[in-house]
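Undergrad: Sharing final.cif, mmCIF, C-alpha atoms:
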data_run
#
loop_
_atom_site.label_atom_id
_atom_site.label_comp_id
_atom_site.auth_asym_id
_atom_site.auth_seq_id
_atom_site.Cartn_x
_atom_site.Cartn_y
_atom_site.Cartn_z
CA MET R 1 124.15 169.40 49.34
CA GLY R 2 120.38 169.17 49.67
CA LYS R 3 119.94 169.25 45.86
CA THR R 4 122.03 166.12 45.31
CA ARG R 5 120.56 164.01 48.10
CA VAL R 6 117.31 162.07 48.32
CA GLU R 7 115.56 163.81 51.18
CA TRP R 8 113.42 160.93 52.41
CA ILE R 9 116.38 158.51 52.36
CA ASP R 10 118.28 160.88 54.64
CA LEU R 11 115.17 161.08 56.83
CA VAL R 12 114.92 157.29 57.11
CA ARG R 13 118.64 156.98 57.84
CA ALA R 14 118.36 159.62 60.57
CA ILE R 15 115.35 157.86 62.11
CA ALA R 16 117.20 154.55 61.94
CA ILE R 17 120.25 155.69 63.89
CA LEU R 18 118.14 157.56 66.47
CA THR R 19 116.06 154.44 67.10
CA VAL R 20 119.19 152.28 67.40
CA LEU R 21 120.60 154.66 70.02
CA TYR R 22 117.22 154.73 71.72
CA ILE R 23 116.94 150.95 72.13
CA HIS R 24 120.55 150.68 73.29
CA ALA R 25 119.89 153.33 75.92
CA THR R 26 116.66 151.66 77.05
CA ASP R 27 118.12 148.16 77.05
CA GLY R 28 121.15 149.33 79.01
CA ILE R 29 119.06 150.99 81.72
CA TYR R 30 116.73 148.02 82.15
CA ILE R 31 119.55 145.47 82.12
CA ILE R 32 121.53 147.35 84.78
CA SER R 33 118.46 148.24 86.85
CA SER R 34 117.26 144.63 86.86
CA ASP R 35 120.24 143.74 89.05
CA SER R 36 118.69 145.69 91.91
CA MET R 37 115.01 145.65 90.91
CA MET R 38 113.42 142.28 90.38
CA HIS R 39 110.09 143.78 89.40
CA PHE R 40 109.27 146.91 87.43
CA GLY R 41 105.91 148.63 87.56
CA VAL R 42 103.38 147.86 84.84
CA TYR R 43 103.82 151.28 83.19
CA SER R 44 107.56 150.87 83.22
CA ARG R 45 107.19 147.47 81.57
CA ILE R 46 104.86 148.85 78.91
CA PHE R 47 107.38 151.61 78.23
CA GLN R 48 110.03 148.91 77.76
CA PHE R 49 107.81 146.95 75.36
CA ILE R 50 106.99 150.08 73.34
CA SER R 51 110.69 150.96 73.25
CA LEU R 52 111.58 147.54 71.89
CA PHE R 53 109.27 148.03 68.92
CA ILE R 54 110.65 151.51 68.26
CA GLY R 55 114.21 150.28 68.57
CA ARG R 56 113.69 147.31 66.29
CA ILE R 57 112.76 149.60 63.40
CA GLY R 58 116.32 150.89 62.96
CA VAL R 59 118.08 147.84 61.50
CA PRO R 60 115.25 147.03 59.01
CA PHE R 61 115.41 150.66 57.87
CA PHE R 62 119.16 150.44 57.28
CA LEU R 63 118.75 147.16 55.38
CA MET R 64 115.89 148.43 53.23
CA ILE R 65 117.96 151.52 52.37
CA THR R 66 120.73 149.14 51.29
CA GLY R 67 118.35 147.26 49.00
CA TYR R 68 116.88 150.48 47.67
CA LEU R 69 120.27 151.94 46.74
CA LEU R 70 122.39 148.92 45.77
CA LEU R 71 120.17 146.23 44.22
CA ASP R 72 118.95 148.30 41.29
CA ARG R 73 122.40 148.36 39.68
CA SER R 74 124.25 146.52 36.93
CA TYR R 75 127.34 144.53 37.92
CA ASP R 76 129.96 142.94 35.68
CA ASP R 77 133.27 141.40 36.75
CA GLU R 78 135.01 144.75 36.91
CA ARG R 79 132.21 146.43 38.88
CA VAL R 80 131.97 143.49 41.29
CA ASN R 81 135.67 143.70 42.10
CA LYS R 82 135.43 147.47 42.45
CA PHE R 83 132.37 147.17 44.73
CA TRP R 84 134.07 144.61 46.94
CA SER R 85 137.30 146.63 47.10
CA LYS R 86 135.51 149.87 47.93
CA ASN R 87 132.92 148.50 50.34
CA VAL R 88 133.59 145.00 51.64
CA LYS R 89 137.34 145.28 52.20
CA SER R 90 136.94 148.61 53.97
CA LEU R 91 134.10 147.27 56.13
CA ILE R 92 136.22 144.30 57.22
CA VAL R 93 139.14 146.55 58.18
CA VAL R 94 136.84 148.99 60.03
CA THR R 95 135.21 146.08 61.88
CA VAL R 96 138.59 144.76 63.06
CA ILE R 97 139.73 148.24 64.13
CA TRP R 98 136.58 148.94 66.14
CA THR R 99 136.60 145.49 67.73
CA VAL R 100 140.11 146.23 69.03
CA ILE R 101 139.03 149.71 70.18
CA TYR R 102 136.10 148.26 72.10
CA ALA R 103 138.18 145.47 73.62
CA LEU R 104 140.75 147.95 74.93
CA SER R 105 138.06 150.37 76.11
CA LEU R 106 136.25 147.62 77.97
CA GLN R 107 139.43 146.77 79.86
CA LEU R 108 139.83 150.41 80.90
CA VAL R 109 136.21 150.84 81.98
CA VAL R 110 136.08 147.60 83.96
CA THR R 111 139.42 148.31 85.62
CA GLY R 112 138.37 151.85 86.53
CA SER R 113 134.93 150.99 87.90
CA SER R 114 134.00 148.45 90.54
CA GLN R 115 130.36 148.80 89.44
CA VAL R 116 130.94 147.27 86.01
CA ASN R 117 130.96 143.49 85.68
CA PHE R 118 133.33 142.29 82.93
CA THR R 119 130.91 139.83 81.37
CA GLU R 120 127.92 142.18 81.60
CA GLY R 121 130.02 145.09 80.35
CA GLY R 122 131.31 143.04 77.45
CA ASN R 123 127.78 142.10 76.43
CA LEU R 124 126.74 145.76 76.49
CA PHE R 125 129.91 147.00 74.82
CA PHE R 126 129.80 144.60 71.87
CA SER R 127 126.01 144.28 71.62
CA HIS R 128 125.84 146.22 68.36
CA MET R 129 128.82 144.63 66.60
CA TRP R 130 126.79 141.62 65.42
CA TYR R 131 125.58 143.92 62.65
CA MET R 132 129.01 144.20 61.05
CA PRO R 133 129.57 140.55 59.99
CA MET R 134 125.95 140.42 58.84
CA ILE R 135 126.19 143.48 56.59
CA ILE R 136 129.58 142.33 55.26
CA GLY R 137 127.94 139.07 54.21
CA MET R 138 125.09 140.97 52.57
CA TYR R 139 127.56 143.17 50.67
CA LEU R 140 129.49 140.13 49.43
CA SER R 141 126.28 138.71 47.95
CA MET R 142 124.86 142.02 46.71
CA PRO R 143 126.22 141.94 43.12
CA PHE R 144 124.97 138.38 42.57
CA ALA R 145 121.56 139.15 44.03
CA ALA R 146 121.29 142.30 41.90
CA SER R 147 122.17 140.39 38.73
CA ALA R 148 119.73 137.60 39.54
CA ILE R 149 116.64 139.70 40.22
CA LYS R 150 117.08 141.71 37.02
CA ASN R 151 115.85 138.64 35.14
CA TYR R 152 112.44 138.71 36.83
CA ASN R 153 109.59 141.16 37.12
CA THR R 154 108.51 142.55 40.47
CA LYS R 155 105.47 140.25 40.72
CA THR R 156 107.66 137.17 40.50
CA ILE R 157 110.12 138.61 43.02
CA ASN R 158 107.27 139.46 45.38
CA SER R 159 105.84 135.92 45.08
CA ALA R 160 109.21 134.43 46.00
CA LEU R 161 109.56 136.97 48.81
CA ILE R 162 106.19 135.96 50.28
CA LEU R 163 107.23 132.28 50.27
CA PHE R 164 110.60 133.03 51.88
CA SER R 165 108.89 135.27 54.45
CA ILE R 166 106.50 132.48 55.40
CA LEU R 167 109.47 130.19 56.01
CA ALA R 168 111.63 132.80 57.76
CA PHE R 169 108.97 134.66 59.78
CA VAL R 170 105.62 132.85 59.94
CA VAL R 171 106.80 129.29 60.62
CA PRO R 172 109.07 130.35 63.53
CA PHE R 173 106.20 132.46 64.88
CA ILE R 174 103.88 129.43 64.88
CA THR R 175 106.60 127.43 66.64
CA LEU R 176 106.86 130.21 69.22
CA LEU R 177 103.10 130.19 69.85
CA LEU R 178 103.11 126.41 70.31
CA ASP R 179 106.07 126.62 72.69
CA MET R 180 104.25 129.26 74.76
CA GLN R 181 101.31 126.85 75.08
CA GLY R 182 103.58 124.09 76.36
CA ILE R 183 103.89 122.20 73.07
CA LYS R 184 107.63 121.79 72.93
CA ASN R 185 110.15 120.70 70.32
CA VAL R 186 107.96 121.52 67.33
CA SER R 187 110.53 122.92 64.95
CA ILE R 188 110.84 122.78 61.18
CA GLN R 189 114.24 123.66 59.77
CA PHE R 190 114.64 125.31 56.37
CA SER R 191 117.85 126.29 54.66
CA LEU R 192 117.47 129.87 53.42
CA GLY R 193 121.16 130.56 52.89
CA PHE R 194 121.01 131.90 49.35
CA SER R 195 118.17 134.25 50.28
CA GLY R 196 120.18 136.03 52.95
CA GLY R 197 117.65 134.77 55.50
CA VAL R 198 115.69 137.30 57.52
CA TYR R 199 118.05 140.16 56.73
CA GLY R 200 118.10 139.42 53.01
CA ILE R 201 114.31 139.70 52.95
CA TYR R 202 114.50 143.22 54.35
CA ILE R 203 116.98 144.14 51.61
CA ILE R 204 114.71 142.78 48.86
CA LEU R 205 111.81 144.76 50.32
CA GLY R 206 113.85 147.92 49.86
CA TYR R 207 114.34 146.99 46.22
CA LEU R 208 110.59 146.51 45.71
CA VAL R 209 109.96 149.93 47.25
CA LYS R 210 112.47 151.36 44.76
CA LYS R 211 110.52 149.75 41.92
CA GLY R 212 107.27 151.28 43.17
CA PHE R 213 105.67 147.89 43.75
CA TYR R 214 103.65 149.08 46.75
CA LYS R 215 102.51 152.41 45.30
CA LYS R 216 99.17 150.88 44.32
CA TYR R 217 98.24 150.72 48.01
CA SER R 218 97.10 153.84 49.85
CA SER R 219 99.08 155.60 52.55
CA ARG R 220 96.10 155.05 54.84
CA SER R 221 96.47 151.28 54.42
CA PHE R 222 100.15 151.40 55.34
CA GLY R 223 99.40 153.68 58.29
CA ILE R 224 96.91 151.14 59.60
CA LEU R 225 99.43 148.31 59.06
CA ALA R 226 102.07 150.23 61.03
CA ILE R 227 99.70 150.92 63.94
CA VAL R 228 98.37 147.35 64.06
CA SER R 229 101.93 145.94 63.94
CA PHE R 230 102.95 148.24 66.78
CA LEU R 231 99.99 147.19 68.94
CA ILE R 232 100.53 143.48 68.27
CA CYS R 233 104.23 143.72 69.15
CA VAL R 234 103.51 145.53 72.42
CA LEU R 235 100.56 143.32 73.41
CA PHE R 236 102.40 140.11 72.51
CA GLN R 237 105.34 141.10 74.70
CA TYR R 238 102.97 141.90 77.54
CA TYR R 239 101.16 138.57 77.07
CA ALA R 240 104.46 136.67 77.16
CA PHE R 241 105.45 138.60 80.29
CA THR R 242 102.19 137.77 82.12
CA ARG R 243 102.75 134.09 81.32
CA GLY R 244 106.32 134.22 82.59
CA TYR R 245 107.58 133.30 79.13
CA ASP R 246 111.06 134.49 78.20
CA PHE R 247 110.38 136.27 74.91
CA PHE R 248 112.69 138.79 73.29
CA LEU R 249 111.44 140.84 70.37
CA TRP R 250 113.85 140.49 67.44
CA TYR R 251 113.93 141.03 63.69
CA GLU R 252 112.41 137.67 62.75
CA PHE R 253 109.13 138.61 64.46
CA PRO R 254 106.63 138.95 61.57
CA PHE R 255 105.10 142.20 62.82
CA ILE R 256 108.50 143.88 62.94
CA LEU R 257 108.75 143.00 59.25
CA ILE R 258 105.28 144.33 58.45
CA GLY R 259 105.57 147.43 60.62
CA SER R 260 108.99 148.46 59.34
CA LEU R 261 107.96 147.93 55.69
CA ALA R 262 104.82 150.02 56.21
CA LEU R 263 106.79 152.87 57.79
CA PHE R 264 109.53 152.69 55.15
CA GLU R 265 106.98 152.87 52.33
CA LEU R 266 105.26 155.81 54.02
CA CYS R 267 108.58 157.63 54.35
CA SER R 268 109.28 157.01 50.64
CA ARG R 269 106.19 159.09 49.85
CA VAL R 270 107.48 162.15 51.69
CA LYS R 271 108.18 164.82 49.09
CA HIS R 272 109.84 167.43 51.29
CA VAL R 273 111.54 166.95 54.65
CA ARG R 274 111.32 169.77 57.14
CA ALA R 275 114.59 170.97 58.68
CA PHE R 276 116.39 169.03 55.96
CA PRO R 277 119.88 170.50 56.65
CA PHE R 278 119.66 169.18 60.21
CA VAL R 279 118.34 165.81 59.00
CA THR R 280 121.23 165.64 56.54
CA ILE R 281 123.74 166.00 59.36
CA LEU R 282 122.03 163.22 61.32
CA SER R 283 122.11 161.04 58.21
CA LYS R 284 125.69 161.86 57.19
CA TYR R 285 127.17 160.73 60.50
CA SER R 286 124.72 157.87 61.12
CA PHE R 287 127.10 154.95 60.55
CA ALA R 288 129.92 156.73 62.36
CA VAL R 289 127.64 157.25 65.35
CA PHE R 290 126.65 153.59 65.18
CA LEU R 291 130.31 152.63 65.50
CA ILE R 292 131.07 155.13 68.26
CA HIS R 293 128.11 155.31 70.60
CA ASN R 294 128.79 152.26 72.77
CA LEU R 295 132.04 153.86 73.90
CA PHE R 296 129.85 156.28 75.85
CA ARG R 297 127.06 153.92 76.87
CA LEU R 298 128.92 151.70 79.33
CA PRO R 299 130.71 154.50 81.28
CA LEU R 300 127.45 156.50 81.48
CA LEU R 301 125.21 153.65 82.63
CA PRO R 302 126.45 153.37 86.26
CA VAL R 303 126.01 157.14 86.60
CA ILE R 304 122.56 157.39 85.02
CA VAL R 305 121.07 154.48 86.99
CA GLN R 306 121.88 156.31 90.22
CA LEU R 307 119.73 159.30 89.29
CA PRO R 308 116.51 159.72 91.34
CA LEU R 309 114.34 159.12 88.28
CA THR R 310 112.10 156.40 86.92
CA GLU R 311 113.60 153.90 84.48
CA PRO R 312 111.86 155.50 81.46
CA ALA R 313 113.22 158.92 82.43
CA LYS R 314 116.73 157.49 82.89
CA ALA R 315 116.52 155.87 79.45
CA ILE R 316 115.53 159.17 77.83
CA VAL R 317 118.38 161.01 79.59
CA LEU R 318 120.89 158.39 78.46
CA TRP R 319 119.52 158.47 74.92
CA ILE R 320 119.94 162.23 74.65
CA LEU R 321 123.48 162.03 76.04
CA LEU R 322 124.39 159.27 73.57
CA ILE R 323 123.11 161.36 70.67
CA VAL R 324 124.97 164.51 71.68
CA LEU R 325 128.28 162.89 72.66
CA SER R 326 128.37 160.44 69.74
CA TYR R 327 127.71 163.11 67.11
CA ILE R 328 130.29 165.44 68.62
CA ALA R 329 132.85 162.63 68.67
CA ALA R 330 132.01 161.63 65.09
CA ALA R 331 132.38 165.21 63.85
CA ILE R 332 135.76 165.55 65.58
CA ILE R 333 137.15 162.22 64.35
CA TYR R 334 135.88 162.90 60.82
CA ARG R 335 138.11 165.97 60.61
CA ILE R 336 141.33 164.07 61.32
CA PRO R 337 143.21 164.22 57.97
CA LYS R 338 143.57 160.92 56.04
CA PHE R 339 142.17 158.99 58.99
CA GLY R 340 138.78 160.23 60.09
CA LYS R 341 136.76 159.22 57.05
CA PHE R 342 138.38 155.82 56.87
CA ILE R 343 137.97 154.75 60.48
CA LEU R 344 134.34 155.91 60.45
CA TYR R 345 133.63 154.33 57.05
CA MET R 346 132.27 157.62 55.72
CA ARG R 347 131.90 158.21 51.99
#
With the file now loaded, output its structure as structure tokens.
TA:
Amino acid sequence: MGKTRVEWIDLVRAIAILTVLYIHATDGIYIISSDSMMHFGVYSRIFQFISLFIGRIGVPFFLMITGYLLLDRSYDDERVNKFWSKNVKSLIVVTVIWTVIYALSLQLVVTGSSQVNFTEGGNLFFSHMWYMPMIIGMYLSMPFAASAIKNYNTKTINSALILFSILAFVVPFITLLLDMQGIKNVSIQFSLGFSGGVYGIYIILGYLVKKGFYKKYSSRSFGILAIVSFLICVLFQYYAFTRGYDFFLWYEFPFILIGSLALFELCSRVKHVRAFPFVTILSKYSFAVFLIHNLFRLPLLPVIVQLPLTEPAKAIVLWILLIVLSYIAAAIIYRIPKFGKFILYMR
């Protein structure tokens, strides 16, 4: 298996799912704990801010992998229909199935526990499902985007990407800074529909990495970019917190873009991945675990928050449990004949 797989892609996919589980564990603990604790200690808050940066790396990694693997292809009418039939149709069916599973599971958990609020539980249960309609939309557009960019060299694509990034990341960031300073209602609206918006930009970045566009820059430069992006994200969150400003780090924050690209490019330069068989397992079941893990998060949360531990320690415990239980469940479901692969969208 190792000979037919791209080692660093499996590494990035494994990192991506582990960071997604990590942020969902951390978010869950802090959301539940905030009901009884109005104020966390400064170190606990810093841990939360650091965790948000780590957790926000996962989705950009998944999207850049998508661009890396799917945009550098040729599509004609037959291949478009085949791509949609194999990927989009199956994703839609899987999304509907898992939405029903989560809806029924939420009813059972709420009914069986007086500690779980229906609205709060629903928000936690379905918090990751926003990704599914987004990636379905990206897949629908993928053949057209792939055909379009083949007509241009990487310099032209990068120039367009910089312009779109300014509109999608920099302008909203400036608006955010003004709003934090009390200058309200300064908002410039741009229509970036055909670009795929913020998420489409991440996909195009993956394509440019595939084309080797960033190889002219040293690994040291990307390492510095990753560290600086991390520090800015953490410090900006802390600054917003000290001002009492309600800021939530999300994927349109420019330093999530820069930091995730820097780390993705660095990973693409890894020639050999240690413990690759183990990494391959993490990668193979990554999307299945993404679908499954919230089934364990909500029932575990009321138990974990009662432990005599700090919030960071509780988050780590929950994260480890989510990893273990989700991978075990994925491996079991995968082995159900004629059903496991389909419901988990495993190829």
Undergrad: Kindly indicate which residue among R:Leu63, R:Ile281, R:Leu307, R:Ala146 lies nearest to Asp10 in chain R, using all atoms listed in the file for the distances.
TA: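 Among the listed residues, R:Ile281 lies closest to Asp10 in chain R.
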Undergrad: Excluding Ser51 in chain R and residues on its chain fewer than 6 positions from it, collect all residues at most 9 Å away from it, counting only C-alpha atoms, and give them as a list in words.
TA: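 What passes the distance filter is Thr19, Tyr22, Ile23, Thr26 and Asp27 of chain R.
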Undergrad: Find the residues near Gly55 in chain R: any atom within 12 Å, counting only C-alpha atoms, skip ones fewer than 6 places away on the same chain, and give them as a list of chain:residue names.
TA: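 Non-adjacent residues within range: R:Ile15, R:Ala16, R:Ile17, R:Leu18, R:Thr19, R:Val20, R:Leu21, R:Tyr22, R:Ile23, R:His24, R:Ala25, R:Thr26, R:Asp27, R:Phe47, R:Gln48, R:Phe49, R:Phe61, R:Phe230, R:Cys233, R:Leu249, R:Trp250, R:Tyr251, R:Ile256, R:Ser260, R:Trp319.
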Undergrad: For range 285-292 of chain R, please output as a ChimeraX atom specification all residues within 7 Å (counting all atoms listed in the file; exclusion window: fewer than 2 positions along the same chain).
TA: /R:13-14,17,281-283,294-295,326-327,330,344-345
Undergrad: For this file, the PyMOL selection byres ((chain R and resi 75) around 12) selects which residues, as a list in words?
TA: Leu70, Leu71, Asp72, Arg73, Ser74, Asp76, Asp77, Glu78, Arg79, Val80, Asn81, Lys82, Phe83, Trp84, Ser141, Met142, Pro143, Phe144, Ala145, Ala146, Ser147, Ala148, Ile149 and Lys150 of chain R
Undergrad: Could you save those same residues with C-alpha atoms as a PDB file, keeping the file's coordinate frame?
TA:
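To be explicit, this is the file written out as out_23.pdb:
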ATOM      1  CA  LEU R  70     122.390 148.920  45.770  1.00  0.00           C
ATOM      2  CA  LEU R  71     120.170 146.230  44.220  1.00  0.00           C
ATOM      3  CA  ASP R  72     118.950 148.300  41.290  1.00  0.00           C
ATOM      4  CA  ARG R  73     122.400 148.360  39.680  1.00  0.00           C
ATOM      5  CA  SER R  74     124.250 146.520  36.930  1.00  0.00           C
ATOM      6  CA  ASP R  76     129.960 142.940  35.680  1.00  0.00           C
ATOM      7  CA  ASP R  77     133.270 141.400  36.750  1.00  0.00           C
ATOM      8  CA  GLU R  78     135.010 144.750  36.910  1.00  0.00           C
ATOM      9  CA  ARG R  79     132.210 146.430  38.880  1.00  0.00           C
ATOM     10  CA  VAL R  80     131.970 143.490  41.290  1.00  0.00           C
ATOM     11  CA  ASN R  81     135.670 143.700  42.100  1.00  0.00           C
ATOM     12  CA  LYS R  82     135.430 147.470  42.450  1.00  0.00           C
ATOM     13  CA  PHE R  83     132.370 147.170  44.730  1.00  0.00           C
ATOM     14  CA  TRP R  84     134.070 144.610  46.940  1.00  0.00           C
ATOM     15  CA  SER R 141     126.280 138.710  47.950  1.00  0.00           C
ATOM     16  CA  MET R 142     124.860 142.020  46.710  1.00  0.00           C
ATOM     17  CA  PRO R 143     126.220 141.940  43.120  1.00  0.00           C
ATOM     18  CA  PHE R 144     124.970 138.380  42.570  1.00  0.00           C
ATOM     19  CA  ALA R 145     121.560 139.150  44.030  1.00  0.00           C
ATOM     20  CA  ALA R 146     121.290 142.300  41.900  1.00  0.00           C
ATOM     21  CA  SER R 147     122.170 140.390  38.730  1.00  0.00           C
ATOM     22  CA  ALA R 148     119.730 137.600  39.540  1.00  0.00           C
ATOM     23  CA  ILE R 149     116.640 139.700  40.220  1.00  0.00           C
ATOM     24  CA  LYS R 150     117.080 141.710  37.020  1.00  0.00           C
TER      25      LYS R 150
END
Undergrad: So, with all atoms listed in the file as the atoms that count, which of R:Ile336, R:Ile50, R:Pro308, R:Glu265 lies closest to Ile232 in chain R?
TA: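 For Ile232 in chain R, the nearest of the candidates is R:Ile50.
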Undergrad: Could you tell me, as number ranges by chain, exactly which residues end up selected when the PyMOL selection byres ((chain R and resi 219) around 10) is applied to this structure?
TA: R: 214-218, 220-225, 262-263, 265-267, 269
Undergrad: With the file shown as input, list the residues that the PyMOL selection byres ((chain R and resi 134) around 12) selects, as a PyMOL selection string.
TA: chain R and resi 59+63+88+91-92+95+128-133+135-141+196-200
Undergrad: Between CA of Val303 in chain R and CA of Ile29 in chain R, what is the distance in Å, rounded to a tenth?
TA: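 Taking CA of Val303 in chain R as the start and CA of Ile29 in chain R as the end point, the length is 10.5 Å.
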Undergrad: For CA of Phe236 in chain R and CA of Ser44 in chain R, quote the distance in Å rounded to one decimal.
TA: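 Computing it gives 16.0 Å between the two atoms.
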Undergrad: Name the closest residue to Ser165 in chain R among the candidates R:Leu235, R:Met346, R:Ile201, R:Ile46; distances are taken between atoms, counting all atoms listed in the file.
TA: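 Smallest separation from Ser165 in chain R among the options: R:Ile201.
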Undergrad: Rank nothing, just name the residue among R:Pro302, R:Pro254, R:Gln237, R:Thr154 nearest to Tyr202 in chain R, using only C-alpha atoms.
TA: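 Closest to Tyr202 in chain R, using only C-alpha atoms: R:Pro254.
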Undergrad: Give me the box for range 312-319 of chain R as lines of an AutoDock Vina configuration file, namely the centre and edge lengths in Å to one decimal of a box along x, y and z that holds every listed atom plus 5 Å on each side.
TA:
center_x = 116.4
center_y = 158.3
center_z = 78.9
size_x = 19.0
size_y = 15.5
size_z = 18.0
Undergrad: Of the candidates R:Trp98, R:Gln181, R:Leu298, R:Leu257, which shows the shortest atom-to-atom distance to Ile162 in chain R, using all atoms listed in the file?
TA: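 Distance minimum relative to Ile162 in chain R lands on R:Leu257.
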Undergrad: Nearest to Leu69 in chain R: which of R:Ile328, R:Leu52, R:Val209, R:Ile343 is it, counting only C-alpha atoms?
TA: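 When distances to Leu69 in chain R are compared using only C-alpha atoms, the smallest one comes from R:Val209.
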Undergrad: Could you tell me how far CA of Arg347 in chain R sits from CA of Met64 in chain R, in Å to one decimal place?
TA: 18.8 Å
Undergrad: Name all residues at most 10 Å from Ser187 in chain R (count only C-alpha atoms; drop same-chain ones fewer than 2 positions away) and give them as an MDAnalysis selection string.
TA: chainID R and resid 171:172 174:176 178:179 184:185 189:190
Undergrad: Got a minute to add all heavy atoms to range 17-23 of chain R and dump it as an mmCIF file, in the coordinates of the input?
TA:
data_model
loop_
_atom_site.group_PDB
_atom_site.id
_atom_site.type_symbol
_atom_site.label_atom_id
_atom_site.label_comp_id
_atom_site.auth_asym_id
_atom_site.auth_seq_id
_atom_site.Cartn_x
_atom_site.Cartn_y
_atom_site.Cartn_z
ATOM 1 N N ILE R 17 119.179 155.602 62.887
ATOM 2 C CA ILE R 17 120.250 155.690 63.890
ATOM 3 C C ILE R 17 119.705 156.180 65.228
ATOM 4 O O ILE R 17 120.137 155.716 66.298
ATOM 5 C CB ILE R 17 121.401 156.606 63.396
ATOM 6 C CG1 ILE R 17 122.590 156.507 64.372
ATOM 7 C CG2 ILE R 17 120.960 158.038 63.230
ATOM 8 C CD1 ILE R 17 123.139 155.114 64.549
ATOM 9 N N LEU R 18 118.716 157.085 65.204
ATOM 10 C CA LEU R 18 118.140 157.560 66.470
ATOM 11 C C LEU R 18 117.413 156.432 67.191
ATOM 12 O O LEU R 18 117.463 156.345 68.426
ATOM 13 C CB LEU R 18 117.199 158.725 66.213
ATOM 14 C CG LEU R 18 117.854 160.030 65.720
ATOM 15 C CD1 LEU R 18 116.790 161.105 65.486
ATOM 16 C CD2 LEU R 18 118.906 160.528 66.705
ATOM 17 N N THR R 19 116.750 155.559 66.448
ATOM 18 C CA THR R 19 116.060 154.440 67.100
ATOM 19 C C THR R 19 117.048 153.395 67.621
ATOM 20 O O THR R 19 116.809 152.777 68.661
ATOM 21 C CB THR R 19 115.058 153.769 66.136
ATOM 22 O OG1 THR R 19 115.735 153.314 64.960
ATOM 23 C CG2 THR R 19 113.940 154.719 65.758
ATOM 24 N N VAL R 20 118.153 153.207 66.913
ATOM 25 C CA VAL R 20 119.190 152.280 67.400
ATOM 26 C C VAL R 20 119.769 152.796 68.722
ATOM 27 O O VAL R 20 119.922 152.041 69.690
ATOM 28 C CB VAL R 20 120.298 152.100 66.348
ATOM 29 C CG1 VAL R 20 121.513 151.399 66.963
ATOM 30 C CG2 VAL R 20 119.777 151.295 65.163
ATOM 31 N N LEU R 21 120.097 154.080 68.773
ATOM 32 C CA LEU R 21 120.600 154.660 70.020
ATOM 33 C C LEU R 21 119.551 154.587 71.121
ATOM 34 O O LEU R 21 119.883 154.351 72.294
ATOM 35 C CB LEU R 21 121.017 156.122 69.791
ATOM 36 C CG LEU R 21 122.488 156.363 69.470
ATOM 37 C CD1 LEU R 21 122.926 155.625 68.211
ATOM 38 C CD2 LEU R 21 122.772 157.865 69.307
ATOM 39 N N TYR R 22 118.304 154.763 70.738
ATOM 40 C CA TYR R 22 117.220 154.730 71.720
ATOM 41 C C TYR R 22 117.084 153.349 72.362
ATOM 42 O O TYR R 22 116.985 153.242 73.592
ATOM 43 C CB TYR R 22 115.910 155.110 71.037
ATOM 44 C CG TYR R 22 114.708 155.057 71.940
ATOM 45 C CD1 TYR R 22 114.502 156.025 72.920
ATOM 46 C CD2 TYR R 22 113.774 154.035 71.827
ATOM 47 C CE1 TYR R 22 113.399 155.976 73.760
ATOM 48 C CE2 TYR R 22 112.669 153.972 72.664
ATOM 49 C CZ TYR R 22 112.484 154.942 73.618
ATOM 50 O OH TYR R 22 111.392 154.892 74.457
ATOM 51 N N ILE R 23 117.106 152.292 71.553
ATOM 52 C CA ILE R 23 116.940 150.950 72.130
ATOM 53 C C ILE R 23 118.165 150.554 72.935
ATOM 54 O O ILE R 23 118.053 149.865 73.953
ATOM 55 C CB ILE R 23 116.627 149.903 71.037
ATOM 56 C CG1 ILE R 23 116.167 148.593 71.684
ATOM 57 C CG2 ILE R 23 117.817 149.652 70.142
ATOM 58 C CD1 ILE R 23 114.965 148.716 72.590
#
